Each structure stands twice: as structure tokens, then as C-alpha cells.
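Enquirer: File run_14.cif follows (mmCIF, C-alpha atoms and all ligand atoms):
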```cif
data_data
loop_
_atom_site.label_atom_id
_atom_site.label_comp_id
_atom_site.auth_asym_id
_atom_site.auth_seq_id
_atom_site.Cartn_x
_atom_site.Cartn_y
_atom_site.Cartn_z
CA MET A 3 32.09 -20.02 -37.05
CA GLN A 4 29.14 -22.35 -37.45
CA ASP A 5 29.05 -22.86 -33.70
CA LEU A 6 29.23 -19.14 -33.04
CA LEU A 7 26.20 -18.49 -35.27
CA LYS A 8 24.17 -21.34 -33.75
CA ASN A 9 25.03 -20.21 -30.22
CA LEU A 10 23.91 -16.67 -31.01
CA LYS A 11 20.64 -18.04 -32.37
CA ASP A 12 20.04 -20.08 -29.18
CA GLU A 13 20.94 -17.08 -27.06
CA ILE A 14 18.45 -14.86 -28.91
CA GLU A 15 15.70 -17.49 -28.74
CA ASN A 16 16.12 -17.85 -24.98
CA LYS A 17 16.07 -14.13 -24.38
CA ILE A 18 12.99 -13.60 -26.57
CA LYS A 19 11.04 -16.19 -24.57
CA ALA A 20 11.29 -13.93 -21.50
CA VAL A 21 10.20 -10.75 -23.33
CA LYS A 22 6.90 -9.27 -22.08
CA ASP A 23 6.64 -5.99 -23.97
CA ASP A 24 7.62 -4.57 -27.34
CA VAL A 25 10.11 -2.02 -25.96
CA VAL A 26 12.29 -4.79 -24.53
CA LEU A 27 11.85 -6.74 -27.78
CA GLU A 28 13.04 -3.77 -29.84
CA ASN A 29 16.09 -3.31 -27.58
CA LEU A 30 16.89 -6.97 -28.06
CA ARG A 31 16.57 -6.65 -31.84
CA VAL A 32 18.99 -3.72 -31.85
CA GLU A 33 21.36 -5.64 -29.56
CA TYR A 34 21.66 -8.50 -32.06
CA LEU A 35 20.49 -7.32 -35.46
CA GLY A 36 21.27 -3.58 -35.26
CA ARG A 37 24.09 -1.99 -37.28
CA LYS A 38 26.59 -2.87 -34.57
CA GLY A 39 24.60 -5.81 -33.19
CA LYS A 40 26.25 -9.06 -32.12
CA PHE A 41 24.80 -11.10 -34.95
CA THR A 42 25.58 -8.37 -37.53
CA GLU A 43 29.20 -8.30 -36.36
CA ALA A 44 29.37 -12.07 -36.71
CA LEU A 45 28.11 -11.79 -40.29
CA LYS A 46 30.77 -9.21 -41.07
CA SER A 47 33.47 -11.58 -39.92
CA ILE A 48 32.46 -14.08 -42.65
CA LYS A 49 34.38 -11.90 -45.10
CA LYS A 50 37.58 -12.86 -43.33
CA LEU A 51 37.03 -16.59 -43.84
CA GLN A 52 38.90 -18.59 -46.44
CA ALA A 53 37.36 -18.60 -49.92
CA GLU A 54 36.22 -22.27 -49.82
CA GLU A 55 34.39 -21.81 -46.48
CA LYS A 56 32.55 -18.64 -47.47
CA PRO A 57 29.64 -20.12 -49.58
CA LEU A 58 28.67 -22.73 -47.00
CA ILE A 59 28.93 -20.46 -43.95
CA GLY A 60 27.33 -17.58 -45.85
CA LYS A 61 24.31 -19.74 -46.74
CA LEU A 62 23.94 -20.97 -43.16
CA ALA A 63 24.30 -17.44 -41.80
CA ASN A 64 21.52 -16.17 -44.09
CA GLU A 65 19.20 -19.01 -43.05
CA ILE A 66 19.82 -18.30 -39.36
CA LYS A 67 19.31 -14.56 -39.91
CA LEU A 68 15.93 -15.19 -41.62
CA GLU A 69 14.91 -17.50 -38.78
CA ILE A 70 15.83 -14.91 -36.16
CA GLU A 71 13.96 -12.15 -38.01
CA HIS A 72 10.95 -14.45 -38.25
CA ILE A 73 11.04 -15.07 -34.49
CA PHE A 74 11.26 -11.32 -33.82
CA ASN A 75 8.29 -10.55 -36.10
CA GLU A 76 6.17 -13.31 -34.66
CA THR A 77 6.88 -12.23 -31.09
CA LYS A 78 6.04 -8.64 -32.02
CA ASN A 79 2.66 -9.73 -33.41
CA ILE A 80 1.89 -11.82 -30.33
CA LEU A 81 2.70 -8.88 -28.03
CA ALA A 82 0.51 -6.49 -30.11
CA GLY A 83 -2.40 -8.95 -29.97
CA ALA A 84 -2.04 -9.29 -26.20
CA GLY A 85 -2.13 -5.49 -25.83
CA GLN A 86 -5.34 -5.32 -27.84
CA GLU A 87 -6.93 -8.00 -25.71
CA LYS A 88 -5.91 -6.15 -22.58
CA ASN A 89 -7.61 -2.95 -23.85
CA ASN A 90 -10.78 -4.79 -24.77
CA LYS A 91 -11.05 -6.53 -21.45
CA ILE A 92 -14.30 -5.96 -19.56
CA TYR A 93 -13.31 -5.85 -15.93
CA ASP A 94 -16.61 -5.83 -14.03
CA THR A 95 -19.98 -5.81 -15.75
CA SER A 96 -21.79 -5.17 -12.46
CA LEU A 97 -20.24 -1.66 -12.11
CA PRO A 98 -22.66 1.23 -12.78
CA GLY A 99 -22.30 2.76 -16.27
CA GLN A 100 -21.46 6.33 -17.27
CA PRO A 101 -24.36 8.63 -16.31
CA VAL A 102 -26.34 9.84 -19.34
CA THR A 103 -26.90 13.61 -19.45
CA LEU A 104 -30.47 14.41 -20.48
CA SER A 105 -31.35 17.75 -22.00
CA GLY A 106 -34.44 19.67 -20.97
CA LEU A 107 -36.72 22.43 -22.24
CA HIS A 108 -35.95 26.08 -21.57
CA PRO A 109 -38.55 27.66 -19.22
CA ILE A 110 -39.67 30.01 -22.04
CA THR A 111 -40.18 27.04 -24.38
CA LYS A 112 -42.22 25.31 -21.66
CA ILE A 113 -44.44 28.37 -21.32
CA ILE A 114 -44.90 28.55 -25.10
CA TYR A 115 -45.90 24.88 -25.18
CA ASP A 116 -48.30 25.39 -22.26
CA LEU A 117 -49.94 28.36 -23.98
CA ASN A 118 -50.08 26.60 -27.34
CA ASP A 119 -51.89 23.72 -25.65
CA VAL A 120 -54.44 26.06 -24.10
CA PHE A 121 -55.04 27.99 -27.31
CA ARG A 122 -55.23 24.90 -29.50
CA SER A 123 -57.93 23.60 -27.18
CA LEU A 124 -59.75 26.94 -27.71
CA ASN A 125 -59.53 26.45 -31.49
CA PHE A 126 -56.78 29.00 -32.25
CA GLU A 127 -54.27 28.64 -35.08
CA ILE A 128 -50.53 28.82 -34.18
CA TYR A 129 -48.93 31.39 -36.48
CA GLU A 130 -45.25 32.13 -37.25
CA GLY A 131 -43.52 35.16 -38.78
CA ASN A 132 -40.08 36.62 -39.53
CA GLU A 133 -37.81 38.22 -36.94
CA LEU A 134 -36.56 40.61 -39.61
CA SER A 135 -39.26 43.17 -40.33
CA ASN A 136 -39.60 46.74 -41.65
CA GLU A 137 -40.96 50.15 -40.69
CA LYS A 138 -44.24 49.65 -42.55
CA GLU A 139 -45.07 46.39 -40.78
CA VAL A 140 -44.06 47.38 -37.27
CA PHE A 141 -45.27 51.03 -37.28
CA ASP A 142 -47.10 52.31 -40.40
CA ASP A 143 -49.63 49.44 -40.58
CA LEU A 144 -50.29 49.73 -36.85
CA ASN A 145 -51.51 53.30 -36.84
CA PHE A 146 -48.30 54.89 -35.55
CA PRO A 147 -48.40 58.31 -37.26
CA PRO A 148 -45.08 59.53 -38.75
CA GLY A 149 -42.99 61.19 -36.06
CA HIS A 150 -45.15 59.67 -33.27
CA PRO A 151 -43.11 59.47 -30.04
CA ALA A 152 -44.17 55.82 -29.57
CA ARG A 153 -41.97 54.96 -32.57
CA GLU A 154 -38.98 56.15 -30.57
CA SER A 155 -40.15 54.55 -27.29
CA MET A 156 -39.81 51.11 -28.87
CA ASP A 157 -36.01 51.64 -29.18
CA THR A 158 -35.89 49.62 -32.37
CA TYR A 159 -32.76 48.03 -33.84
CA TRP A 160 -32.68 49.45 -37.38
CA LEU A 161 -30.46 47.79 -39.95
CA LYS A 162 -27.62 50.17 -40.76
CA GLN A 163 -27.69 49.80 -44.56
CA SER A 164 -31.39 50.71 -44.79
CA GLU A 165 -31.59 53.31 -42.02
CA LYS A 166 -32.08 56.25 -44.42
CA ASN A 167 -34.96 54.53 -46.27
CA CYS A 168 -38.58 54.45 -45.16
CA GLY A 169 -41.54 52.06 -45.17
CA VAL A 170 -40.88 48.53 -46.42
CA ASP A 171 -37.30 49.48 -47.32
CA ARG A 172 -36.34 50.47 -43.79
CA LEU A 173 -35.45 47.16 -42.18
CA CYS A 174 -35.38 46.34 -38.48
CA LEU A 175 -35.45 43.53 -35.97
CA ARG A 176 -39.10 43.38 -34.94
CA PRO A 177 -39.63 45.33 -31.67
CA HIS A 178 -43.00 43.56 -31.14
CA LEU A 179 -45.10 40.84 -32.78
CA THR A 180 -48.16 42.92 -33.55
CA GLY A 181 -47.03 43.86 -37.07
CA ALA A 182 -47.58 40.29 -38.21
CA SER A 183 -51.30 40.54 -37.40
CA VAL A 184 -51.82 42.83 -40.42
CA GLN A 185 -49.98 40.30 -42.59
CA TYR A 186 -52.29 37.61 -41.24
CA MET A 187 -55.42 39.71 -41.91
CA ARG A 188 -54.32 40.29 -45.51
CA THR A 189 -53.90 36.60 -46.19
CA HIS A 190 -56.85 35.11 -44.26
CA GLN A 191 -60.58 35.49 -44.45
CA PRO A 192 -62.29 36.37 -41.13
CA PRO A 193 -63.67 35.25 -38.77
CA PHE A 194 -60.37 33.89 -37.44
CA GLN A 195 -58.39 33.57 -34.27
CA PHE A 196 -54.68 32.90 -34.03
CA VAL A 197 -51.77 33.05 -31.60
CA TYR A 198 -48.26 34.03 -32.44
CA PRO A 199 -45.26 33.17 -30.22
CA GLY A 200 -41.90 34.78 -30.99
CA ARG A 201 -38.77 36.68 -30.06
CA VAL A 202 -38.57 40.48 -30.20
CA PHE A 203 -35.69 42.96 -29.87
CA ARG A 204 -35.36 46.34 -28.14
CA LEU A 205 -32.30 48.53 -27.79
CA GLU A 206 -32.56 49.20 -24.07
CA ALA A 207 -30.54 49.04 -20.86
CA THR A 208 -30.86 45.72 -19.06
CA ASP A 209 -31.79 45.18 -15.42
CA ALA A 210 -33.58 42.48 -13.37
CA GLY A 211 -36.82 43.11 -15.25
CA HIS A 212 -35.64 44.18 -18.75
CA GLU A 213 -33.71 42.48 -21.53
CA ARG A 214 -32.66 43.49 -25.06
CA CYS A 215 -34.21 40.35 -26.47
CA PHE A 216 -37.30 38.71 -25.05
CA TYR A 217 -40.35 36.66 -25.98
CA GLN A 218 -43.91 37.71 -26.62
CA TYR A 219 -47.04 35.73 -27.23
CA GLU A 220 -49.75 37.45 -29.15
CA ALA A 221 -53.37 36.42 -29.62
CA LEU A 222 -55.81 38.04 -32.02
CA ILE A 223 -59.47 37.30 -32.56
CA VAL A 224 -61.36 38.93 -35.42
CA ASN A 225 -65.10 38.43 -35.63
CA LYS A 226 -68.29 40.36 -36.28
CA ASP A 227 -69.23 40.46 -32.65
CA PHE A 228 -66.83 39.96 -29.78
CA ALA A 229 -67.57 41.04 -26.18
CA PHE A 230 -64.74 42.58 -24.18
CA SER A 231 -65.87 40.66 -21.09
CA ALA A 232 -65.33 37.39 -22.98
CA GLY A 233 -61.74 38.54 -23.56
CA LYS A 234 -61.25 39.08 -19.83
CA ILE A 235 -62.55 35.57 -19.10
CA MET A 236 -60.15 34.22 -21.74
CA ILE A 237 -57.20 35.97 -20.07
CA ASN A 238 -58.08 34.56 -16.65
CA THR A 239 -58.55 31.10 -18.13
CA ILE A 240 -55.13 31.25 -19.80
CA LEU A 241 -53.35 32.36 -16.63
CA GLU A 242 -55.13 29.71 -14.57
CA ARG A 243 -54.13 27.01 -17.02
CA VAL A 244 -50.48 28.15 -17.12
CA PHE A 245 -50.05 28.60 -13.36
CA GLY A 246 -52.33 25.76 -12.28
CA HIS A 247 -54.34 27.98 -9.94
CA PRO A 248 -56.47 31.16 -10.23
CA ILE A 249 -54.41 34.34 -10.64
CA GLU A 250 -55.57 37.74 -9.51
CA THR A 251 -55.61 40.18 -12.43
CA ARG A 252 -56.58 43.78 -12.87
CA MET A 253 -57.47 45.58 -16.06
CA ARG A 254 -56.79 49.27 -16.55
CA ALA A 255 -57.01 51.66 -19.45
CA GLY A 256 -53.85 51.89 -21.53
CA PHE A 257 -52.85 53.65 -24.70
CA PHE A 258 -51.36 51.88 -27.70
CA PRO A 259 -51.78 53.35 -31.19
CA PHE A 260 -52.94 50.02 -32.68
CA VAL A 261 -55.90 49.46 -30.31
CA GLU A 262 -59.06 51.39 -29.50
CA PRO A 263 -60.01 51.01 -26.71
CA GLY A 264 -56.73 49.81 -25.23
CA PHE A 265 -55.96 48.30 -21.85
CA GLU A 266 -53.22 46.81 -19.74
CA ILE A 267 -53.64 43.60 -17.77
CA ASP A 268 -51.66 43.33 -14.55
CA MET A 269 -51.30 40.13 -12.57
CA GLN A 270 -50.37 39.85 -8.96
CA CYS A 271 -46.58 39.37 -8.64
CA GLN A 272 -46.05 35.66 -8.02
CA VAL A 273 -42.49 36.16 -6.76
CA CYS A 274 -43.56 38.22 -3.73
CA HIS A 275 -47.34 37.48 -3.82
CA GLY A 276 -48.19 41.16 -3.81
CA HIS A 277 -45.83 42.23 -1.01
CA GLY A 278 -43.34 43.98 -3.32
CA CYS A 279 -39.95 42.92 -4.70
CA SER A 280 -37.36 44.02 -7.27
CA VAL A 281 -39.21 42.23 -10.09
CA CYS A 282 -42.48 44.13 -9.56
CA LYS A 283 -40.65 47.35 -8.60
CA HIS A 284 -42.13 46.95 -5.12
CA ASN A 285 -45.76 47.54 -6.06
CA GLY A 286 -46.96 43.92 -5.97
CA TRP A 287 -48.37 43.96 -9.54
CA LEU A 288 -46.76 43.14 -12.84
CA GLU A 289 -47.87 44.30 -16.25
CA VAL A 290 -48.08 41.07 -18.26
CA MET A 291 -50.19 41.87 -21.26
CA PRO A 292 -51.33 44.95 -23.07
CA GLY A 293 -54.27 44.53 -25.35
CA GLY A 294 -57.50 45.95 -26.69
CA ALA A 295 -59.68 46.00 -29.78
CA PRO A 296 -57.77 46.44 -33.08
CA HIS A 297 -57.89 50.10 -34.16
CA PRO A 298 -60.10 50.72 -37.25
CA ASN A 299 -56.98 51.89 -39.13
CA VAL A 300 -55.25 48.57 -38.36
CA LEU A 301 -58.26 46.61 -39.67
CA LYS A 302 -58.18 48.80 -42.80
CA ALA A 303 -54.44 48.15 -43.25
CA GLY A 304 -55.31 44.44 -43.10
CA GLY A 305 -57.91 44.91 -45.85
CA LEU A 306 -60.93 44.53 -43.51
CA ASP A 307 -63.93 46.84 -43.17
CA PRO A 308 -63.95 48.20 -39.57
CA LYS A 309 -67.72 48.71 -39.82
CA VAL A 310 -68.16 44.95 -40.27
CA TRP A 311 -65.29 43.44 -38.31
CA GLN A 312 -64.04 43.94 -34.78
CA GLY A 313 -61.56 42.06 -32.64
CA PHE A 314 -59.60 41.49 -29.51
CA TYR A 315 -55.82 41.58 -29.00
CA ILE A 316 -53.61 40.47 -26.19
CA ASN A 317 -49.84 40.44 -26.16
CA VAL A 318 -48.26 38.46 -23.34
CA GLY A 319 -44.70 39.11 -22.15
CA LEU A 320 -43.47 35.53 -21.92
CA ASP A 321 -40.25 36.16 -19.98
CA ARG A 322 -42.25 37.83 -17.21
CA LEU A 323 -44.80 35.04 -17.20
CA ALA A 324 -42.00 32.47 -16.92
CA MET A 325 -40.45 34.49 -14.08
CA MET A 326 -43.78 34.49 -12.28
CA LYS A 327 -44.42 30.82 -12.87
CA TYR A 328 -41.00 29.59 -11.76
CA GLY A 329 -40.16 32.32 -9.21
CA ILE A 330 -37.18 33.71 -11.18
CA ASP A 331 -36.08 37.13 -9.92
CA ASP A 332 -33.80 38.23 -12.78
CA VAL A 333 -34.81 38.17 -16.46
CA ARG A 334 -31.15 38.18 -17.55
CA LEU A 335 -30.85 34.55 -16.41
CA MET A 336 -33.13 33.53 -19.30
CA HIS A 337 -30.47 34.18 -21.96
CA SER A 338 -27.42 33.58 -19.77
CA GLY A 339 -26.92 30.02 -21.03
CA ASP A 340 -25.97 29.17 -17.43
CA LEU A 341 -26.52 25.43 -16.98
CA ARG A 342 -26.79 25.79 -13.20
CA PHE A 343 -29.92 27.85 -13.88
CA LEU A 344 -31.27 25.88 -16.84
CA LYS A 345 -30.90 22.47 -15.20
CA GLN A 346 -33.49 23.43 -12.61
CA PHE A 347 -36.35 23.16 -15.09
ZN ZN B 401 -42.96 41.20 -6.58
#
```
Spell out the structure here as C-alpha cells.

Expert:
Amino acid sequence: MQDLLKNLKDEIENKIKAVKDDVVLENLRVEYLGRKGKFTEALKSIKKLQAEEKPLIGKLANEIKLEIEHIFNETKNILAGAGQEKNNKIYDTSLPGQPVTLSGLHPITKIIYDLNDVFRSLNFEIYEGNELSNEKEVFDDLNFPPGHPARESMDTYWLKQSEKNCGVDRLCLRPHLTGASVQYMRTHQPPFQFVYPGRVFRLEATDAGHERCFYQYEALIVNKDFAFSAGKIMINTILERVFGHPIETRMRAGFFPFVEPGFEIDMQCQVCHGHGCSVCKHNGWLEVMPGGAPHPNVLKAGGLDPKVWQGFYINVGLDRLAMMKYGIDDVRLMHSGDLRFLKQF
């Protein structure tokens, strides 16, 4: 019996020496120490021995069993350590690493930064306002009479819960930035000049030149004496700085309730250079900024005396400017989130 146990131990030791992975080791453990394993069966047969032999053989059997279990555990640890080392191994440090993906600025953001730079250098303040506005701010304060068709032409997104209210209690997503100018006038002492970049919302059908959500950039100067011609020079300077070369513009009379006189500034389409394309509706010119002098009623709404103060507005459509600058022929790409498009900037 003693010999049988010792032989089994030698047999196990020899087999374990050749083991290279833990699956084989586990199979070996089951083969010898499992419920029906060879060593377990040998232990069971001790019961059949004569009474005087049992204590001695039993003690020896337990010692051998502990030794075998120890060898199994040790081998298991060695194999686990080797696996770890294998995973941590650096194969070739001269191989190129994983490429790092760099993010970039959206073309609209770039245009905003460009314009902010220009206006800061011209001593303008950069102003910010809320996207959620109300009827008073976006229409009443800006000289839109009640029931004026221009209120409807803006196709405003009204908030459902407040739709039946009026004035400050009728909430909307701002359809333009101009409402914030009255807020600014109320809280600042003229003379002042500020610019105001932001996102606006209109409930309208989309096509290559129109989107439901787009960016505007507004500039307002309020002073006691401001020449319209100086405003035109400012517009040309801005466009030249943004595009890096002189841009042909034309100024024509335009009506907006919040300005008097009002005008529209067109720039030559930079996608087709005046030859006509889908972006400029084939007329070679693109309306980029309405503007004018603030209407006396707007100055009054801002708490200013129109007999003392006058001003100059422009409101730039940023998406169109970005389209012109980068030669983009569909405004819907701006909010598409398409990386193939965005990675080009
Ligand atoms: Zn064009």
C-alpha cells in the first residue's frame, strides 16, 4: 500500500513537470484527486486494511495528499504568473503607435472666432443671451405692431404651454438675436458697441439654403453721431478680414420693423463667383446681412431718447457666411454631424 501511494506521487510529479497550461493541469488534478481519481480511490482502499496498519498508512496517505495538493497549487500559480508576463510583453518598441484622433472646430465656430477677433480689435464687447425668449423681447420691443404679418413670417417655435398667453408670458425659441439688443440697452449706458453671436430657430422647410436652426451674428453701435457710410466701411472690413480678400458687396433698401432706415447687404456668391448656383438661387448674389439704424421705438423700448441717441445694426447669417468661406453648397451639412464633412475643416 505504501509503495502504491509513493508510486502515484512520483507519477503525478512527473506528469506535472510536463504541464504547460492550466487546462491540462486541471485535467490532471481531476484524474488523480477528483471524486473518482486514482489517488482518491487508493485512499478509499485504506478502509479495507487491517486495523493495526490503518493509523500508519492513513498518516502517510494524508502527508502525500497534502504534498500533491501543494505541488498542484504551486504549479497553478507559476502558470498564472507566466500568462501575465506573456500579456505584458512588449514585442517591438520600434513599431508605430496607435494614431491619435484630434478633434477640430466646427466651421461655424471658426467663423464666430474670426468675427470675434475682428470686433474685439474694433473695441466691441462680446455679448451673450438666452435661446429661450418671449413675445415681448422678440416682437413687441422691436416695433412689430400686434397682428403685423412679419410676426408670422418669422415662423416662430412657440412653447405649447404658454401659447395662449401674450407678452413676456408667451415663450418661444428666439427666431432672431435682435431682441437681446433692447435688453442690452436697458442695462448699459451709451455710447456702446457690442456683438452678439448665437443660435436661432425657425419653423420652416429645409433645402440647400435654409435650415430650422442656424447661427446669426449681430452687431449694434449706439452713439450720438454715427454715419451710415462708416457702417458700410465696417461691413467691408469685416468681410475682408473673414475671407482674407476684398468681397464685392451691394447695399439695397430693405424693410424691417426694428430699423429706420433699413437695408440689406448682399455679397457676391463665393461658391459660383457670381455666375449662379443653387446656393444663390442662380442670381450670383447672396443676402448675408440685414441692418439699418435702430427704429426710434426700439431705442425707446431700451430706455434711450431717440432724439439724443442713434445707432447702426447689422445681423450676419453665419451659416451662409461659412458656406461662402468654405465653398459649402448645402446648409444642411452644418448640423448633419457627418464626420466626413466635419473632418475637412
Ligand atoms: Zn452662387

Enquirer: Find the residues near ligand ZN 401 (chain B). Use a cut-off of 7 Å, count all atoms listed in the file, and write them as a PyMOL selection string.

Expert: chain A and resi 271-287

Enquirer: In Å, how far is it from atom CA of Ile240 of chain A to atom CA of Leu107 of chain A?

Expert: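 Those two atoms sit 20.6 Å apart.
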
Enquirer: Quick check, in Å to one decimal: how far apart do atom CA of Ala303 of chain A and atom CA of Cys215 of chain A lie?

Expert: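 Answer for the atom CA of Ala303 of chain A to atom CA of Cys215 of chain A separation: 27.4 Å.
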
Enquirer: Using atom CA of Lys166 of chain A and atom CA of Ser183 of chain A as the two end points, give the distance in Å to one decimal.

Expert: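 These atoms are spaced 25.8 Å apart.
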
Enquirer: Please return, as a list in words, all polymer residues that have at least one atom within 10 Å of the point (-33.0, 51.1, -29.6); use all atoms listed in the file and the file's own coordinate frame.

Expert: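 Result, sorted by chain then residue number: Glu154, Ser155, Met156, Asp157, Thr158, Tyr159, Trp160, Pro177, Phe203, Arg204, Leu205, Glu206, Ala207 and Arg214 of chain A.
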
Enquirer: Rank nothing, just name the residue among A:Lys50, A:Arg201, A:Lys56, A:Arg188 nearest to Ile114 of chain A, using only C-alpha atoms.

Expert: A:Arg201

Enquirer: Missing atoms in segment 329-340 of chain A: can you complete it with N, CA and C atoms, as a short mmCIF file (atom, residue, chain, number, x, y, z; two decimals), in the coordinates of the input?

Expert:
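So part.cif came out as:
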```cif
data_model
loop_
_atom_site.label_atom_id
_atom_site.label_comp_id
_atom_site.auth_asym_id
_atom_site.auth_seq_id
_atom_site.Cartn_x
_atom_site.Cartn_y
_atom_site.Cartn_z
N GLY A 329 -40.77 31.56 -10.31
CA GLY A 329 -40.16 32.32 -9.21
C GLY A 329 -38.74 32.77 -9.52
N ILE A 330 -38.51 33.23 -10.77
CA ILE A 330 -37.18 33.71 -11.18
C ILE A 330 -37.14 35.23 -10.94
N ASP A 331 -36.07 35.70 -10.27
CA ASP A 331 -36.08 37.13 -9.92
C ASP A 331 -35.18 37.98 -10.81
N ASP A 332 -34.62 37.41 -11.88
CA ASP A 332 -33.80 38.23 -12.78
C ASP A 332 -33.96 37.72 -14.22
N VAL A 333 -34.51 38.58 -15.08
CA VAL A 333 -34.81 38.17 -16.46
C VAL A 333 -33.53 37.83 -17.24
N ARG A 334 -32.40 38.40 -16.82
CA ARG A 334 -31.15 38.18 -17.55
C ARG A 334 -30.69 36.72 -17.50
N LEU A 335 -31.20 35.97 -16.51
CA LEU A 335 -30.85 34.55 -16.41
C LEU A 335 -31.37 33.76 -17.61
N MET A 336 -32.48 34.25 -18.21
CA MET A 336 -33.13 33.53 -19.30
C MET A 336 -32.20 33.29 -20.48
N HIS A 337 -31.35 34.30 -20.80
CA HIS A 337 -30.47 34.18 -21.96
C HIS A 337 -29.01 34.01 -21.54
N SER A 338 -28.80 33.68 -20.27
CA SER A 338 -27.42 33.58 -19.77
C SER A 338 -26.73 32.32 -20.28
N GLY A 339 -27.52 31.30 -20.63
CA GLY A 339 -26.92 30.02 -21.03
C GLY A 339 -26.26 29.33 -19.85
N ASP A 340 -26.59 29.74 -18.64
CA ASP A 340 -25.97 29.17 -17.43
C ASP A 340 -26.67 27.84 -17.09
#
```
